[in-house]
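Colleague: Take a look at my_file20.pdb, PDB, C-alpha atoms:
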```pdb
ATOM      1  CA  MET A   1     -18.815  -3.327  29.352
ATOM      2  CA  LYS A   2     -18.611   0.403  28.569
ATOM      3  CA  LYS A   3     -14.930   0.419  29.555
ATOM      4  CA  LEU A   4     -14.198  -2.515  27.239
ATOM      5  CA  LEU A   5     -16.086  -0.896  24.380
ATOM      6  CA  SER A   6     -14.167   2.333  25.005
ATOM      7  CA  LEU A   7     -10.882   0.392  24.917
ATOM      8  CA  ILE A   8     -11.824  -1.227  21.606
ATOM      9  CA  ILE A   9     -12.724   2.162  20.156
ATOM     10  CA  VAL A  10      -9.451   3.678  21.372
ATOM     11  CA  LEU A  11      -7.415   0.788  19.902
ATOM     12  CA  THR A  12      -9.271   1.042  16.602
ATOM     13  CA  MET A  13      -8.801   4.805  16.440
ATOM     14  CA  ALA A  14      -5.101   4.488  17.291
ATOM     15  CA  THR A  15      -4.697   1.963  14.488
ATOM     16  CA  LEU A  16      -6.496   4.212  12.020
ATOM     17  CA  ILE A  17      -4.531   7.285  13.065
ATOM     18  CA  ASN A  18      -1.278   5.347  12.798
ATOM     19  CA  ALA A  19      -2.218   4.116   9.328
ATOM     20  CA  GLN A  20      -3.072   7.644   8.214
ATOM     21  CA  THR A  21       0.061   9.255   9.620
ATOM     22  CA  LYS A  22       2.491   6.645   8.346
ATOM     23  CA  SER A  23       2.493   6.588   4.584
ATOM     24  CA  LYS A  24       4.242   3.221   4.614
ATOM     25  CA  ALA A  25       1.335   1.634   6.475
ATOM     26  CA  VAL A  26      -1.094   2.513   3.713
ATOM     27  CA  CYS A  27       1.278   2.353   0.793
ATOM     28  CA  THR A  28       0.342   1.543  -2.781
ATOM     29  CA  ASP A  29       2.109  -0.638  -5.323
ATOM     30  CA  ASP A  30       4.947   1.901  -5.305
ATOM     31  CA  CYS A  31       5.482   1.344  -1.583
ATOM     32  CA  GLU A  32       8.855   2.276  -0.066
ATOM     33  CA  ALA A  33       8.883  -1.149   1.605
ATOM     34  CA  LYS A  34       9.587  -2.733  -1.767
ATOM     35  CA  ASN A  35      13.144  -3.434  -2.794
ATOM     36  CA  LYS A  36      14.661  -2.553  -6.163
ATOM     37  CA  LYS A  37      12.998  -5.571  -7.792
ATOM     38  CA  GLY A  38       9.559  -4.415  -6.618
ATOM     39  CA  GLU A  39       9.252  -7.126  -3.955
ATOM     40  CA  LEU A  40       8.081  -6.644  -0.394
ATOM     41  CA  THR A  41      10.912  -7.214   2.052
ATOM     42  CA  CYS A  42      11.376  -7.772   5.765
ATOM     43  CA  LYS A  43      14.016  -5.703   7.560
ATOM     44  CA  LEU A  44      15.108  -8.657   9.705
ATOM     45  CA  THR A  45      18.224 -10.601   8.851
ATOM     46  CA  SER A  46      17.759 -14.264   7.937
ATOM     47  CA  PRO A  47      18.827 -15.482  11.422
ATOM     48  CA  GLU A  48      16.505 -12.955  13.100
ATOM     49  CA  LEU A  49      13.576 -14.016  10.920
ATOM     50  CA  ARG A  50      14.315 -17.689  11.547
ATOM     51  CA  LYS A  51      14.329 -17.055  15.326
ATOM     52  CA  ARG A  52      11.040 -15.122  15.060
ATOM     53  CA  LYS A  53       9.457 -18.027  13.161
ATOM     54  CA  GLU A  54      10.668 -20.478  15.828
ATOM     55  CA  THR A  55       9.281 -18.446  18.727
ATOM     56  CA  VAL A  56       6.662 -15.736  18.227
ATOM     57  CA  ILE A  57       5.114 -16.949  14.972
ATOM     58  CA  LYS A  58       5.182 -20.593  16.104
ATOM     59  CA  SER A  59       3.292 -19.599  19.258
ATOM     60  CA  LEU A  60       0.644 -17.710  17.276
ATOM     61  CA  LYS A  61       0.219 -20.561  14.786
ATOM     62  CA  SER A  62      -0.278 -23.062  17.614
ATOM     63  CA  GLN A  63      -3.056 -20.904  19.120
ATOM     64  CA  MET A  64      -4.789 -20.039  15.852
ATOM     65  CA  LEU A  65      -8.400 -21.263  15.767
ATOM     66  CA  GLN A  66      -9.312 -20.229  12.244
ATOM     67  CA  LYS A  67      -7.779 -18.581   9.189
ATOM     68  CA  LYS A  68      -9.682 -16.600   6.549
ATOM     69  CA  GLU A  69      -8.227 -15.566   3.225
ATOM     70  CA  LEU A  70      -8.822 -11.936   2.277
ATOM     71  CA  THR A  71      -8.236 -10.167  -1.021
ATOM     72  CA  ASN A  72      -5.064  -8.495   0.229
ATOM     73  CA  GLY A  73      -4.061 -10.630   3.221
ATOM     74  CA  TYR A  74      -5.434 -12.908   5.921
ATOM     75  CA  SER A  75      -7.534 -12.811   9.072
ATOM     76  CA  TYR A  76      -6.767 -15.108  12.020
ATOM     77  CA  LYS A  77      -9.055 -16.082  14.881
ATOM     78  CA  PHE A  78      -7.739 -16.648  18.413
ATOM     79  CA  ILE A  79      -9.283 -17.087  21.838
ATOM     80  CA  GLY A  80     -10.076 -13.659  23.283
ATOM     81  CA  SER A  81      -8.272 -14.006  26.616
ATOM     82  CA  ASP A  82      -6.287 -11.087  28.029
ATOM     83  CA  LYS A  83      -3.096 -13.117  27.645
ATOM     84  CA  MET A  84      -3.824 -13.724  23.958
ATOM     85  CA  VAL A  85      -4.701 -10.073  23.372
ATOM     86  CA  ASP A  86      -1.373  -9.105  24.966
ATOM     87  CA  GLU A  87       0.488 -11.563  22.731
ATOM     88  CA  LEU A  88      -1.277 -10.290  19.601
ATOM     89  CA  THR A  89      -0.607  -6.676  20.544
ATOM     90  CA  GLU A  90       3.081  -7.411  21.119
ATOM     91  CA  PHE A  91       3.244  -9.243  17.768
ATOM     92  CA  VAL A  92       1.757  -6.224  15.974
ATOM     93  CA  LYS A  93       4.139  -3.805  17.704
ATOM     94  CA  THR A  94       7.238  -5.784  16.748
ATOM     95  CA  GLU A  95       6.027  -6.730  13.270
ATOM     96  CA  ARG A  96       5.506  -3.063  12.374
ATOM     97  CA  ALA A  97       9.227  -2.494  12.916
ATOM     98  CA  CYS A  98      10.367  -5.152  10.445
ATOM     99  CA  CYS A  99       7.521  -5.246   7.912
ATOM    100  CA  ASP A 100       6.199  -1.705   7.863
ATOM    101  CA  PHE A 101       4.084  -2.317   4.760
ATOM    102  CA  PHE A 102       1.601  -4.433   6.753
ATOM    103  CA  VAL A 103      -1.710  -2.954   7.874
ATOM    104  CA  PHE A 104      -3.067  -4.544  11.062
ATOM    105  CA  ASN A 105      -6.590  -4.675  12.419
ATOM    106  CA  LEU A 106      -7.302  -6.253  15.799
ATOM    107  CA  SER A 107     -10.924  -7.025  16.695
ATOM    108  CA  ILE A 108     -11.576  -8.220  20.248
ATOM    109  CA  SER A 109     -14.928  -9.434  21.548
ATOM    110  CA  GLY A 110     -16.096  -7.974  24.838
ATOM    111  CA  ASP A 111     -16.941 -11.383  26.283
ATOM    112  CA  LYS A 112     -13.349 -12.652  25.732
ATOM    113  CA  SER A 113     -14.615 -15.400  23.419
ATOM    114  CA  GLU A 114     -12.501 -14.402  20.431
ATOM    115  CA  ALA A 115      -9.944 -12.054  18.953
ATOM    116  CA  TRP A 116      -9.293 -11.579  15.247
ATOM    117  CA  LEU A 117      -5.987 -10.361  13.852
ATOM    118  CA  GLU A 118      -6.149  -9.110  10.282
ATOM    119  CA  ILE A 119      -2.931  -8.569   8.328
ATOM    120  CA  THR A 120      -3.254  -6.838   4.968
ATOM    121  CA  GLY A 121      -1.195  -4.588   2.753
ATOM    122  CA  PRO A 122      -0.228  -3.686  -0.794
ATOM    123  CA  LYS A 123      -0.083  -6.068  -3.744
ATOM    124  CA  GLY A 124       2.082  -9.064  -2.836
ATOM    125  CA  THR A 125       1.283  -9.012   0.877
ATOM    126  CA  LYS A 126      -0.698 -12.253   0.818
ATOM    127  CA  ASP A 127       2.175 -14.129  -0.856
ATOM    128  CA  PHE A 128       4.649 -12.570   1.580
ATOM    129  CA  ILE A 129       2.615 -13.775   4.570
ATOM    130  CA  LYS A 130       2.393 -17.245   3.062
ATOM    131  CA  THR A 131       6.079 -17.619   2.198
ATOM    132  CA  GLU A 132       7.949 -15.504   4.732
ATOM    133  CA  LEU A 133       5.754 -15.752   7.837
ATOM    134  CA  GLU A 134       4.428 -19.188   6.865
ATOM    135  CA  MET A 135       1.026 -18.262   8.296
TER     136      MET A 135
END
```
Would you mind writing the structure in this file as structure tokens?
Modeller:
Amino acid sequence: MKKLLSLIIVLTMATLINAQTKSKAVCTDDCEAKNKKGELTCKLTSPELRKRKETVIKSLKSQMLQKKELTNGYSYKFIGSDKMVDELTEFVKTERACCDFFVFNLSISGDKSEAWLEITGPKGTKDFIKTELEM
């Protein structure tokens, strides 16, 4: 139990440190991730995004147990299995590369009953998640 708690603390600290050291991860309305029209954009090409929606995002959506709307994004509940935690971690790692304006928070219960993935960001993030990720 202490090892699991330590792992959760390390993951949380790594997320916080990453958010503090990458200005894009905690950007404001003037975020560099916005295009010239002031919209949030994904760095993937249309075919790459379509493939991601058909594979990775489709898998997450099929395993989602609950969705909560937040002021600046969404929180998603999943089963807390090691396999699911691995899938969520991989999703976060790859999503940071294409949508670097997102801020991620992963909360994992010690008893493996649940895992919550929170995706937030600057103004417009919630609409972006809804339209582009369709989540």
Colleague: Report, in Å to a single decimal, how far apart atom CA of A:Asp86 and atom CA of A:Glu132 are.
Modeller: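 If I compute the distance from atom CA of A:Glu132 to atom CA of A:Asp86, I get 23.2 Å.
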Colleague: So which one's closest to A:Glu90, A:Phe128, A:Leu106, A:Lys112, A:Met135? Using only C-alpha atoms, please.
Modeller: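 Between A:Phe128, A:Leu106, A:Lys112, A:Met135, the residue approaching A:Glu90 most closely is A:Leu106.
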Colleague: Nearest residue to A:Leu40 out of A:Glu69, A:Glu87, A:Glu118, A:Asp100, using only C-alpha atoms?
Modeller: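 Going through A:Glu69, A:Glu87, A:Glu118, A:Asp100 one by one, the smallest distance to A:Leu40 is for A:Asp100.
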Colleague: Apply the PyMOL selection byres ((chain A and resi 56) around 12) to the file shown and report the selected residues as number ranges by chain.
Modeller: A: 48-55, 57-63, 87-92, 94-95, 133, 135
Colleague: Please report the interatomic distance between atom CA of A:Lys83 and atom CA of A:Gly121 in Å with one decimal.
Modeller: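 Atom CA of A:Lys83 sits 26.4 Å away from atom CA of A:Gly121.
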Colleague: Please write the residues picked by the PyMOL selection byres ((chain A and resi 66) around 7) on this file as JSON, numbers by chain.
Modeller: {"A": [64, 65, 67, 68, 76, 77]}
Colleague: Got time to write the residues from that selection, C-alpha atoms, as a short mmCIF file (atom, residue, chain, number, x, y, z; two decimals), keeping the file's coordinate frame?
Modeller:
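Dumped to selection_28.cif:
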```cif
data_model
loop_
_atom_site.label_atom_id
_atom_site.label_comp_id
_atom_site.auth_asym_id
_atom_site.auth_seq_id
_atom_site.Cartn_x
_atom_site.Cartn_y
_atom_site.Cartn_z
CA MET A 64 -4.79 -20.04 15.85
CA LEU A 65 -8.40 -21.26 15.77
CA LYS A 67 -7.78 -18.58 9.19
CA LYS A 68 -9.68 -16.60 6.55
CA TYR A 76 -6.77 -15.11 12.02
CA LYS A 77 -9.06 -16.08 14.88
#
```
Colleague: Hey, which of A:Ala115, A:Asn72, A:Val103, A:Gly110 ends up closest to A:Met84? Count all atoms listed in the file.
Modeller: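 Using all atoms listed in the file, A:Met84 sits closest to A:Ala115.
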Colleague: Give me the box for stretch 118-135 of chain A as JSON, namely the centre and edge lengths in Å to one decimal of a box along x, y and z that holds every listed atom plus 6 Å on each side.
Modeller:
```
{"center_x": 0.9, "center_y": -11.4, "center_z": 3.3, "size_x": 26.1, "size_y": 27.5, "size_z": 26.0}
```
Colleague: Provide the atom CA of A:Thr41 to atom CA of A:Phe104 distance in Å, to one decimal place.
Modeller: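 That distance, rounded to one decimal, is 16.8 Å.
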Colleague: Just checking: using all atoms listed in the file, which residue out of A:Cys98, A:Gly73, A:Val85, A:Cys42 ends up closest to A:Gly124?
Modeller: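 Residue with the minimum atom-to-atom distance to A:Gly124: A:Gly73.
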Colleague: Could you give me, as a list in words, the residues within 6 Å of A:Ile79, counting only C-alpha atoms and dropping anything in the same chain fewer than 2 positions from it?
Modeller: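 Near neighbours after the sequence-gap exclusion: Ser81, Ser113, Glu114 and Ala115 of chain A.
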